[in-house]
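Reproduced below: input_29.txt, with compact mmCIF, C-alpha atoms.
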```txt
# COMPACT_ATOMS: atom_id res chain seq x y z
CA MET A 678 1.55 27.16 3.86
CA THR A 679 0.70 29.88 6.38
CA ALA A 680 1.99 32.35 3.82
CA MET A 681 -0.21 30.63 1.24
CA THR A 682 -3.51 30.21 3.07
CA GLY A 683 -3.11 32.32 6.20
CA LEU A 684 -5.16 29.61 7.94
CA PRO A 685 -3.81 28.50 11.34
CA SER A 686 -6.12 25.44 11.42
CA VAL A 687 -4.68 24.16 8.15
CA GLU A 688 -1.11 25.00 9.10
CA ARG A 689 -1.50 23.10 12.38
CA VAL A 690 -2.64 19.89 10.66
CA VAL A 691 0.18 20.23 8.09
CA SER A 692 2.72 20.53 10.91
CA LEU A 693 1.42 17.27 12.44
CA PHE A 694 1.03 15.37 9.14
CA VAL A 695 4.65 16.07 8.13
CA ARG A 696 5.78 14.14 11.23
CA PHE A 697 4.52 10.94 9.57
CA PRO A 698 7.31 8.93 7.91
CA GLY A 699 7.48 9.68 4.19
CA VAL A 700 5.03 12.61 4.33
CA GLY A 701 6.44 15.96 3.17
CA ARG A 702 4.83 19.39 3.11
CA LYS A 703 3.28 18.89 -0.31
CA SER A 704 1.74 15.51 0.49
CA ALA A 705 0.44 16.89 3.79
CA GLN A 706 -1.25 19.75 1.94
CA ARG A 707 -2.69 17.34 -0.62
CA MET A 708 -4.05 15.16 2.20
CA ILE A 709 -5.72 18.16 3.82
CA HIS A 710 -7.24 19.30 0.54
CA HIS A 711 -8.57 15.78 0.11
CA LEU A 712 -10.16 15.91 3.57
CA LEU A 713 -11.71 19.33 3.02
CA ARG A 714 -13.01 18.25 -0.37
CA GLN A 715 -14.62 15.14 1.11
CA GLY A 716 -16.47 17.22 3.66
CA PRO A 717 -17.32 17.01 7.37
CA GLU A 718 -18.62 13.39 7.37
CA GLU A 719 -15.29 12.03 6.12
CA MET A 720 -13.45 14.19 8.63
CA ASP A 721 -15.70 12.93 11.46
CA GLN A 722 -15.03 9.33 10.45
CA LEU A 723 -11.29 9.97 10.58
CA ILE A 724 -11.49 11.75 13.93
CA ARG A 725 -13.62 8.98 15.43
CA SER A 726 -11.33 6.25 14.07
CA LEU A 727 -8.29 7.97 15.60
CA GLU A 728 -10.10 8.31 18.92
CA ALA A 729 -10.85 4.57 18.83
CA LEU A 730 -7.21 3.83 17.96
CA ARG A 731 -6.07 5.95 20.89
CA ARG A 732 -8.60 4.32 23.25
CA ASN A 733 -8.33 0.67 22.21
CA VAL A 734 -4.83 -0.07 21.04
CA ARG A 735 -2.12 -0.70 23.59
CA ALA A 736 1.08 -2.73 23.92
CA CYS A 737 0.73 -6.45 24.71
CA ARG A 738 1.61 -7.03 28.39
CA VAL A 739 3.98 -9.86 27.45
CA CYS A 740 5.60 -9.08 24.10
CA PHE A 741 4.77 -5.37 23.43
CA ASN A 742 3.11 -6.15 20.09
CA LEU A 743 0.01 -4.05 19.31
CA ALA A 744 -3.05 -5.37 21.14
CA GLU A 745 -6.63 -4.48 21.94
CA ALA A 746 -6.59 -6.61 25.10
CA GLU A 747 -4.07 -7.52 27.81
CA LEU A 748 -2.47 -10.00 25.42
CA CYS A 749 -1.92 -9.60 21.68
CA ARG A 750 -3.43 -12.00 19.19
CA ILE A 751 -0.21 -14.02 19.00
CA CYS A 752 0.49 -14.35 22.73
CA ALA A 753 -3.17 -15.36 23.20
CA ASP A 754 -2.99 -18.05 20.50
CA PRO A 755 -2.44 -21.51 22.06
CA LYS A 756 -1.25 -22.88 18.72
CA ARG A 757 1.89 -20.72 18.64
CA GLU A 758 5.08 -22.48 19.77
CA PRO A 759 5.88 -21.10 23.22
CA ASP A 760 9.55 -22.14 23.24
CA VAL A 761 10.80 -19.82 20.45
CA ILE A 762 10.91 -16.03 20.75
CA CYS A 763 11.71 -13.77 17.82
CA VAL A 764 13.13 -10.40 18.99
CA LEU A 765 12.30 -7.36 16.83
CA GLU A 766 12.73 -3.61 16.90
CA GLU A 767 9.13 -2.59 16.11
CA ALA A 768 5.63 -4.05 15.80
CA ALA A 769 5.76 -3.19 12.09
CA ASP A 770 8.65 -5.68 11.71
CA LEU A 771 6.49 -8.32 13.39
CA MET A 772 3.84 -7.91 10.71
CA ALA A 773 6.48 -8.31 8.00
CA ILE A 774 7.63 -11.61 9.56
CA GLU A 775 4.02 -12.79 9.92
CA ARG A 776 3.41 -12.04 6.25
CA ALA A 777 6.27 -14.39 5.34
CA GLY A 778 4.10 -17.12 6.89
CA LEU A 779 6.85 -19.47 8.11
CA TYR A 780 7.34 -18.49 11.73
CA ARG A 781 5.08 -20.13 14.34
CA GLY A 782 6.72 -19.00 17.59
CA LEU A 783 6.19 -15.96 19.83
CA TYR A 784 7.68 -12.47 19.59
CA HIS A 785 9.28 -9.79 21.69
CA VAL A 786 9.11 -6.19 20.43
CA LEU A 787 11.95 -4.07 21.82
CA GLY A 788 10.36 -0.75 20.93
CA GLY A 789 13.41 0.61 19.10
CA ARG A 790 17.10 -0.03 18.67
CA LEU A 791 20.21 0.96 20.61
CA SER A 792 21.24 4.40 19.41
CA PRO A 793 23.26 6.33 22.01
CA LEU A 794 23.29 9.49 19.85
CA ASP A 795 19.47 9.57 19.94
CA GLY A 796 19.39 8.84 23.67
CA MET A 797 18.30 5.21 23.13
CA GLY A 798 20.16 3.11 25.68
CA PRO A 799 19.29 -0.41 26.90
CA GLU A 800 16.90 1.07 29.53
CA GLU A 801 14.76 2.61 26.76
CA LEU A 802 14.11 -0.83 25.18
CA HIS A 803 11.97 -3.66 26.59
CA LEU A 804 15.06 -5.69 27.51
CA ASP A 805 14.21 -6.22 31.20
CA ALA A 806 10.93 -7.80 30.18
CA LEU A 807 12.78 -10.02 27.67
CA GLU A 808 15.21 -11.16 30.35
CA ARG A 809 12.30 -11.98 32.70
CA ARG A 810 10.64 -14.05 29.96
CA LEU A 811 13.84 -15.98 29.28
CA ARG A 812 14.50 -16.59 33.00
CA GLU A 813 11.15 -18.40 33.24
CA GLY A 814 13.02 -21.27 31.56
CA GLN A 815 10.50 -22.33 28.91
CA VAL A 816 12.28 -20.74 25.95
CA ARG A 817 14.60 -22.92 23.90
CA GLU A 818 15.53 -20.54 21.06
CA VAL A 819 15.80 -16.78 20.61
CA VAL A 820 15.71 -15.60 16.97
CA VAL A 821 17.27 -12.14 16.71
CA ALA A 822 15.57 -10.23 13.88
CA THR A 823 16.66 -6.61 14.27
CA ASN A 824 17.22 -4.59 11.10
CA PRO A 825 20.44 -5.10 9.09
CA THR A 826 21.71 -1.60 9.97
CA VAL A 827 24.60 -0.49 12.17
CA GLU A 828 22.24 0.24 15.07
CA GLY A 829 20.21 -2.92 14.47
CA GLU A 830 23.45 -4.96 14.53
CA ALA A 831 24.53 -3.33 17.80
CA THR A 832 21.12 -4.12 19.27
CA ALA A 833 21.32 -7.72 18.00
CA HIS A 834 24.72 -8.10 19.66
CA TYR A 835 23.32 -6.81 22.97
CA VAL A 836 20.29 -9.13 22.79
CA ALA A 837 22.48 -12.14 21.92
CA GLN A 838 24.74 -11.47 24.92
CA LEU A 839 21.70 -11.18 27.18
CA ALA A 840 20.06 -14.36 25.82
CA GLN A 841 23.04 -16.70 25.46
CA PRO A 842 23.34 -17.66 29.17
CA LEU A 843 19.59 -18.19 29.43
CA VAL A 844 18.56 -20.27 26.38
CA ALA A 845 19.94 -23.25 24.48
CA LYS A 846 20.10 -21.54 21.09
CA VAL A 847 20.40 -17.95 19.83
CA THR A 848 19.99 -17.50 16.06
CA ARG A 849 19.64 -14.58 13.68
CA LEU A 850 17.99 -14.15 10.28
CA ALA A 851 20.16 -15.15 7.32
CA TYR A 852 21.80 -12.38 5.30
CA GLY A 853 22.18 -12.78 1.55
CA LEU A 854 20.67 -12.17 -1.85
CA PRO A 855 17.17 -10.70 -1.80
CA MET A 856 14.81 -12.80 -3.97
CA GLY A 857 14.33 -11.25 -7.40
CA GLY A 858 17.44 -9.07 -7.06
CA GLU A 859 20.22 -9.10 -9.65
CA LEU A 860 23.84 -9.65 -8.62
CA GLU A 861 24.99 -6.84 -10.88
CA TYR A 862 23.05 -4.26 -8.87
CA LEU A 863 23.69 -5.55 -5.35
CA ASP A 864 25.86 -3.66 -2.88
CA GLU A 865 29.18 -5.17 -1.79
CA SER A 866 28.18 -5.81 1.79
CA THR A 867 25.14 -7.88 0.80
CA LEU A 868 27.28 -9.89 -1.63
CA TYR A 869 29.92 -10.30 1.07
CA GLN A 870 27.26 -11.71 3.43
CA ALA A 871 25.84 -13.95 0.68
CA LEU A 872 29.31 -15.40 -0.01
CA ALA A 873 30.32 -15.73 3.64
CA GLY A 874 27.00 -17.48 4.38
CA ARG A 875 26.99 -19.76 1.32
CA ARG A 876 25.40 -23.19 1.84
CA ASP A 877 25.90 -26.66 0.36
CA TYR A 878 23.68 -27.55 -2.54
CA MET B 1362 -3.83 -5.92 8.13
CA THR B 1363 -6.72 -7.48 10.04
CA ALA B 1364 -5.13 -10.83 9.30
CA MET B 1365 -1.84 -9.43 10.58
CA THR B 1366 -2.91 -7.65 13.76
CA GLY B 1367 -6.50 -8.77 14.29
CA LEU B 1368 -7.14 -5.23 15.55
CA PRO B 1369 -10.32 -3.59 14.20
CA SER B 1370 -9.26 -0.13 15.49
CA VAL B 1371 -6.06 -0.29 13.47
CA GLU B 1372 -7.79 -1.70 10.41
CA ARG B 1373 -10.36 1.11 10.50
CA VAL B 1374 -7.70 3.87 10.48
CA VAL B 1375 -5.83 2.07 7.69
CA SER B 1376 -9.01 1.98 5.59
CA LEU B 1377 -9.42 5.77 6.01
CA PHE B 1378 -5.73 6.66 5.53
CA VAL B 1379 -5.54 4.79 2.22
CA ARG B 1380 -8.19 7.19 0.84
CA PHE B 1381 -5.58 9.97 0.97
CA PRO B 1382 -3.97 10.63 -2.40
CA GLY B 1383 -0.64 8.81 -2.70
CA VAL B 1384 -1.11 6.76 0.50
CA GLY B 1385 -1.10 2.99 0.04
CA ARG B 1386 -1.65 0.21 2.57
CA LYS B 1387 2.00 0.05 3.60
CA SER B 1388 2.35 3.81 4.13
CA ALA B 1389 -0.93 3.83 6.07
CA GLN B 1390 0.39 1.08 8.35
CA ARG B 1391 3.68 2.93 8.79
CA MET B 1392 1.79 6.11 9.70
CA ILE B 1393 -0.26 4.27 12.32
CA HIS B 1394 2.84 2.64 13.81
CA HIS B 1395 4.38 6.10 14.00
CA LEU B 1396 1.31 7.40 15.86
CA LEU B 1397 1.22 4.48 18.28
CA ARG B 1398 4.95 4.82 18.91
CA GLN B 1399 4.58 8.55 19.66
CA GLY B 1400 1.93 7.82 22.25
CA PRO B 1401 -1.40 9.33 23.34
CA GLU B 1402 -0.27 12.99 23.52
CA GLU B 1403 0.72 13.03 19.84
CA MET B 1404 -2.54 11.33 18.94
CA ASP B 1405 -4.53 13.87 20.99
CA GLN B 1406 -2.76 16.72 19.19
CA LEU B 1407 -3.67 15.21 15.83
CA ILE B 1408 -7.30 14.59 16.84
CA ARG B 1409 -7.65 18.15 18.19
CA SER B 1410 -6.06 19.67 15.09
CA LEU B 1411 -8.45 17.75 12.83
CA GLU B 1412 -11.40 18.89 14.96
CA ALA B 1413 -10.23 22.50 14.58
CA LEU B 1414 -9.82 22.00 10.84
CA ARG B 1415 -13.34 20.63 10.62
CA ARG B 1416 -14.73 23.48 12.77
CA ASN B 1417 -12.83 26.46 11.38
CA VAL B 1418 -12.13 25.94 7.72
CA ARG B 1419 -14.85 26.67 5.18
CA ALA B 1420 -15.15 27.89 1.60
CA CYS B 1421 -14.82 31.64 0.96
CA ARG B 1422 -18.28 33.10 0.28
CA VAL B 1423 -17.02 34.83 -2.87
CA CYS B 1424 -14.36 32.65 -4.50
CA PHE B 1425 -14.61 29.25 -2.70
CA ASN B 1426 -10.95 29.32 -1.66
CA LEU B 1427 -10.25 27.89 1.82
CA ALA B 1428 -11.10 30.43 4.52
CA GLU B 1429 -11.47 30.74 8.29
CA ALA B 1430 -13.88 33.68 7.92
CA GLU B 1431 -16.62 34.77 5.50
CA LEU B 1432 -13.95 35.90 3.04
CA CYS B 1433 -10.63 34.22 2.30
CA ARG B 1434 -7.35 36.02 2.83
CA ILE B 1435 -7.17 37.00 -0.84
CA CYS B 1436 -10.72 38.32 -1.26
CA ALA B 1437 -10.25 40.30 1.97
CA ASP B 1438 -6.99 41.87 0.82
CA PRO B 1439 -7.60 45.40 -0.57
CA LYS B 1440 -4.27 45.32 -2.39
CA ARG B 1441 -5.33 42.54 -4.77
CA GLU B 1442 -6.45 43.73 -8.23
CA PRO B 1443 -10.25 43.33 -8.29
CA ASP B 1444 -10.60 43.38 -12.08
CA VAL B 1445 -8.82 40.08 -12.86
CA ILE B 1446 -10.17 36.67 -11.85
CA CYS B 1447 -8.18 33.47 -12.25
CA VAL B 1448 -10.45 30.40 -12.52
CA LEU B 1449 -9.12 27.15 -11.04
CA GLU B 1450 -10.29 23.62 -10.37
CA GLU B 1451 -9.20 23.34 -6.73
CA ALA B 1452 -7.91 25.45 -3.83
CA ALA B 1453 -4.66 23.47 -4.05
CA ASP B 1454 -4.11 24.91 -7.54
CA LEU B 1455 -4.59 28.40 -6.10
CA MET B 1456 -1.71 27.83 -3.72
CA ALA B 1457 0.49 26.70 -6.58
CA ILE B 1458 -0.25 29.92 -8.48
CA GLU B 1459 0.36 32.01 -5.34
CA ARG B 1460 3.73 30.33 -4.88
CA ALA B 1461 4.75 31.49 -8.36
CA GLY B 1462 4.42 35.02 -6.93
CA LEU B 1463 3.43 36.86 -10.12
CA TYR B 1464 -0.36 36.99 -9.98
CA ARG B 1465 -1.98 39.87 -8.04
CA GLY B 1466 -5.66 39.45 -9.01
CA LEU B 1467 -8.51 37.49 -7.42
CA TYR B 1468 -9.52 33.84 -7.86
CA HIS B 1469 -12.52 31.63 -8.43
CA VAL B 1470 -12.29 27.99 -7.35
CA LEU B 1471 -14.68 25.78 -9.32
CA GLY B 1472 -14.47 22.84 -6.93
CA GLY B 1473 -13.68 20.26 -9.61
CA ARG B 1474 -13.73 19.78 -13.37
CA LEU B 1475 -16.35 18.72 -15.86
CA SER B 1476 -16.36 14.95 -15.96
CA PRO B 1477 -19.71 13.47 -17.06
CA LEU B 1478 -18.55 9.91 -16.38
CA ASP B 1479 -17.97 10.80 -12.71
CA GLY B 1480 -21.28 12.67 -12.50
CA MET B 1481 -19.57 16.09 -12.59
CA GLY B 1482 -21.72 18.38 -14.75
CA PRO B 1483 -21.77 22.20 -14.80
CA GLU B 1484 -24.22 22.26 -11.87
CA GLU B 1485 -21.67 20.51 -9.64
CA LEU B 1486 -19.13 23.32 -10.15
CA HIS B 1487 -19.31 26.89 -8.79
CA LEU B 1488 -20.15 28.28 -12.25
CA ASP B 1489 -23.34 30.14 -11.26
CA ALA B 1490 -21.37 32.09 -8.68
CA LEU B 1491 -18.70 32.87 -11.29
CA GLU B 1492 -21.32 34.17 -13.69
CA ARG B 1493 -22.81 36.39 -10.96
CA ARG B 1494 -19.36 37.83 -10.20
CA LEU B 1495 -18.74 38.58 -13.87
CA ARG B 1496 -22.21 40.16 -14.34
CA GLU B 1497 -21.34 42.72 -11.64
CA GLY B 1498 -19.29 44.33 -14.40
CA GLN B 1499 -16.05 45.12 -12.54
CA VAL B 1500 -14.01 42.28 -14.04
CA ARG B 1501 -11.86 43.07 -17.06
CA GLU B 1502 -10.00 39.77 -17.53
CA VAL B 1503 -10.66 36.12 -16.76
CA VAL B 1504 -7.54 33.90 -16.65
CA VAL B 1505 -8.53 30.27 -17.17
CA ALA B 1506 -6.10 28.05 -15.24
CA THR B 1507 -7.65 24.58 -15.21
CA ASN B 1508 -5.32 21.58 -15.46
CA PRO B 1509 -3.85 20.60 -18.85
CA THR B 1510 -5.84 17.35 -18.98
CA VAL B 1511 -8.73 16.32 -21.21
CA GLU B 1512 -11.27 17.15 -18.50
CA GLY B 1513 -9.47 20.35 -17.54
CA GLU B 1514 -9.53 21.44 -21.19
CA ALA B 1515 -13.26 20.72 -21.47
CA THR B 1516 -13.83 22.74 -18.30
CA ALA B 1517 -11.67 25.59 -19.65
CA HIS B 1518 -13.72 25.63 -22.84
CA TYR B 1519 -16.97 25.84 -20.85
CA VAL B 1520 -15.63 28.67 -18.64
CA ALA B 1521 -14.34 30.60 -21.68
CA GLN B 1522 -17.76 30.37 -23.36
CA LEU B 1523 -19.46 31.57 -20.19
CA ALA B 1524 -17.01 34.47 -19.67
CA GLN B 1525 -16.52 35.77 -23.20
CA PRO B 1526 -19.81 37.74 -23.42
CA LEU B 1527 -19.26 39.25 -19.98
CA VAL B 1528 -15.62 40.44 -19.87
CA ALA B 1529 -13.24 42.25 -22.21
CA LYS B 1530 -10.55 39.55 -22.17
CA VAL B 1531 -10.42 35.79 -21.54
CA THR B 1532 -6.90 34.31 -21.37
CA ARG B 1533 -5.41 30.96 -20.39
CA LEU B 1534 -2.02 29.88 -19.03
CA ALA B 1535 0.69 29.31 -21.65
CA TYR B 1536 1.52 25.72 -22.60
CA GLY B 1537 5.09 24.80 -23.45
CA LEU B 1538 8.39 23.51 -22.11
CA PRO B 1539 8.57 23.08 -18.36
CA MET B 1540 11.62 24.87 -16.92
CA GLY B 1541 14.50 22.46 -16.31
CA GLY B 1542 12.99 19.81 -18.60
CA GLU B 1543 14.94 18.27 -21.45
CA LEU B 1544 13.50 18.17 -24.97
CA GLU B 1545 14.61 14.58 -25.42
CA TYR B 1546 12.33 13.40 -22.63
CA LEU B 1547 9.27 15.55 -23.33
CA ASP B 1548 6.03 14.08 -24.64
CA GLU B 1549 4.84 14.96 -28.13
CA SER B 1550 1.83 16.98 -27.08
CA THR B 1551 3.89 19.33 -24.88
CA LEU B 1552 6.40 19.82 -27.74
CA TYR B 1553 3.50 20.38 -30.13
CA GLN B 1554 2.15 23.10 -27.81
CA ALA B 1555 5.62 24.62 -27.38
CA LEU B 1556 6.08 24.83 -31.15
CA ALA B 1557 2.58 26.06 -31.88
CA GLY B 1558 2.94 28.74 -29.20
CA ARG B 1559 6.49 29.83 -30.10
CA ARG B 1560 7.29 33.52 -29.55
CA ASP B 1561 9.62 36.08 -31.21
CA TYR B 1562 13.03 36.47 -29.59
```

Could you express the structure from this file as structure tokens?
Amino acid sequence: MTAMTGLPSVERVVSLFVRFPGVGRKSAQRMIHHLLRQGPEEMDQLIRSLEALRRNVRACRVCFNLAEAELCRICADPKREPDVICVLEEAADLMAIERAGLYRGLYHVLGGRLSPLDGMGPEELHLDALERRLREGQVREVVVATNPTVEGEATAHYVAQLAQPLVAKVTRLAYGLPMGGELEYLDESTLYQALAGRRDY
Amino acid sequence: MTAMTGLPSVERVVSLFVRFPGVGRKSAQRMIHHLLRQGPEEMDQLIRSLEALRRNVRACRVCFNLAEAELCRICADPKREPDVICVLEEAADLMAIERAGLYRGLYHVLGGRLSPLDGMGPEELHLDALERRLREGQVREVVVATNPTVEGEATAHYVAQLAQPLVAKVTRLAYGLPMGGELEYLDESTLYQALAGRRDY
């Protein structure tokens, strides 16, 4: 884009926008053209909203979910069941679980997954804090809900090993057929999991 | 997302991000999670780059292309041919034409297309400025390069009518088969244009 516009200010924003997941050079340019077309008021709104995001949003002191106070909305809610903790990689995963609407316990956001090649070891995740929470003795069940990827599985294994001596029950999300999917188009490993985990009618 | 996080600062950024073309609620949330994961330095960089964009980038005084000075890079370049002007809807279209690498003339960015239903009449576009440029008498050819849509065509027609009395030649981009496309999958109107505009071998 430098070659195209010769404008360092535009090129700089492009270089930061392309760091967003799923945003390529062309989308970044389209986003900037949108901003410039909307004019300075729209740009001010965006700048101010990002400043507020930077200022107000932090990690929950207990579970590392997004929060605007010491505790996140879920840790601060007395109606949540305090004896179940669902362990996740990221706060985005937490929102996905909340959307499902079934879970009423608490959470623990690890802040990533084990990935030695990317320099993510156990010390980089919020595992110490998880262990401290479990040692307090009030937790009955840990639900491991890392992503069904190689690294997510490795992380799940690590979390399970850490939790097993400290709580009565360690569970993980069920693997199987996604709702609305068709058998014909499913990959072998999902079908393998669906068969291996089959249940009585 | 408010229901999910209860965080007004997050919700506010989501509501502004979804205004970007091609960005839905889920992508906006993913972008914000990316920002929060990267931490305050990354967010400061983004805020500062948007401030610089707001401060430095303006419309070229002559052609309304993006510029960081009175004149855009193209209007300021003495090697561009001053007797051909390519008329476009948006600065983003200009970059697309520049990428093609063939065109060596100047540009005129209209800042939109005629669209009465959206309140876009001739006065909303930079048509007065175009007429003034053409009346100076140095322009030999106007290349109309609005988008091949109903509104783009209406705009092209208006521009052609305005330019015809003032310049020797008014042309428009060729319509036809897109390179790499397959006839079988092309829409009728493109094939119609390709047939109607067929050329001798």

Can you list, as a PDB file with C-alpha atoms, in the frame of the given file, every protein, DNA or RNA residue that comes within 8 Å of A:Leu771 when you count only C-alpha atoms, leaving out same-chain residues fewer than 4 positions away?
```
ATOM      1  CA  ASN A 742       3.110  -6.150  20.090  1.00  0.00           C
ATOM      2  CA  LEU A 765      12.300  -7.360  16.830  1.00  0.00           C
ATOM      3  CA  GLU A 767       9.130  -2.590  16.110  1.00  0.00           C
ATOM      4  CA  GLU A 775       4.020 -12.790   9.920  1.00  0.00           C
ATOM      5  CA  TYR A 784       7.680 -12.470  19.590  1.00  0.00           C
ATOM      6  CA  VAL A 786       9.110  -6.190  20.430  1.00  0.00           C
TER       7      VAL A 786
END
```

Would you be able to write out as a ChimeraX atom specification which residues have an atom within 10 Å of (-10.2, 8.3, 0.9) in the file's coordinates, counting all atoms listed in the file? /A:708,711-712,715,719,723 /B:1376-1382,1384

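Overlay of chain A onto chain B (least squares, all Cα atoms, paired in order); RMSD 0.2 Å.
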
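Our summary of the geometry notes that atom CA of A:Pro793 is positioned 12.0 Å from atom CA of A:Val827.
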
Find the residues of chain B in contact range of chain A, meaning any atom within 7 Å when counting all atoms listed in the file, and list them as a PyMOL selection string. chain B and resi 1365-1368+1370-1371+1373-1374+1377+1381-1382+1392+1394-1395+1401+1404+1407-1408+1410-1411+1413-1415+1417+1428-1429+1434+1453+1456+1459

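The point (-3.8, 21.0, -15.3) has these residues within 12 Å of it when only C-alpha atoms are used: Val1448, Leu1449, Glu1450, Glu1451, Ala1453, Asp1454, Leu1455, Ala1457, Ile1458, Gly1473, Arg1474, Val1505, Ala1506, Thr1507, Asn1508, Pro1509, Thr1510, Val1511, Glu1512, Gly1513, Glu1514, Ala1515, Thr1516, Ala1517, Arg1533, Leu1534, Ala1535 and Tyr1536 of chain B.
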
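Computed from the coordinates, the atom CA of B:Arg1441 to atom CA of B:Arg1494 distance equals 15.8 Å.
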
Of B:Leu1471, B:Leu1547, B:Leu1495, B:Val1531, the one nearest to B:Cys1421 when counting only C-alpha atoms is B:Leu1471

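Excluding B:Lys1440 itself and same-chain residues fewer than 2 positions from it, the residues having an atom within 12 Å of it are B:Arg1434, B:Ile1435, B:Cys1436, B:Ala1437, B:Asp1438, B:Glu1442, B:Pro1443, B:Asp1444, B:Tyr1464, B:Arg1465, B:Gly1466, B:Leu1467, counting only C-alpha atoms.
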
Write out as a PyMOL selection string each polymer residue whose atoms come within 7 Å of A:Glu818, counting all atoms listed in the file; drop sequence neighbours fewer than 3 positions from it. chain A and resi 760-762+844-847

Could you jot down the atom CA of B:Gly1541 to atom CA of B:Val1504 separation for me, Å, one decimal place? 24.8 Å
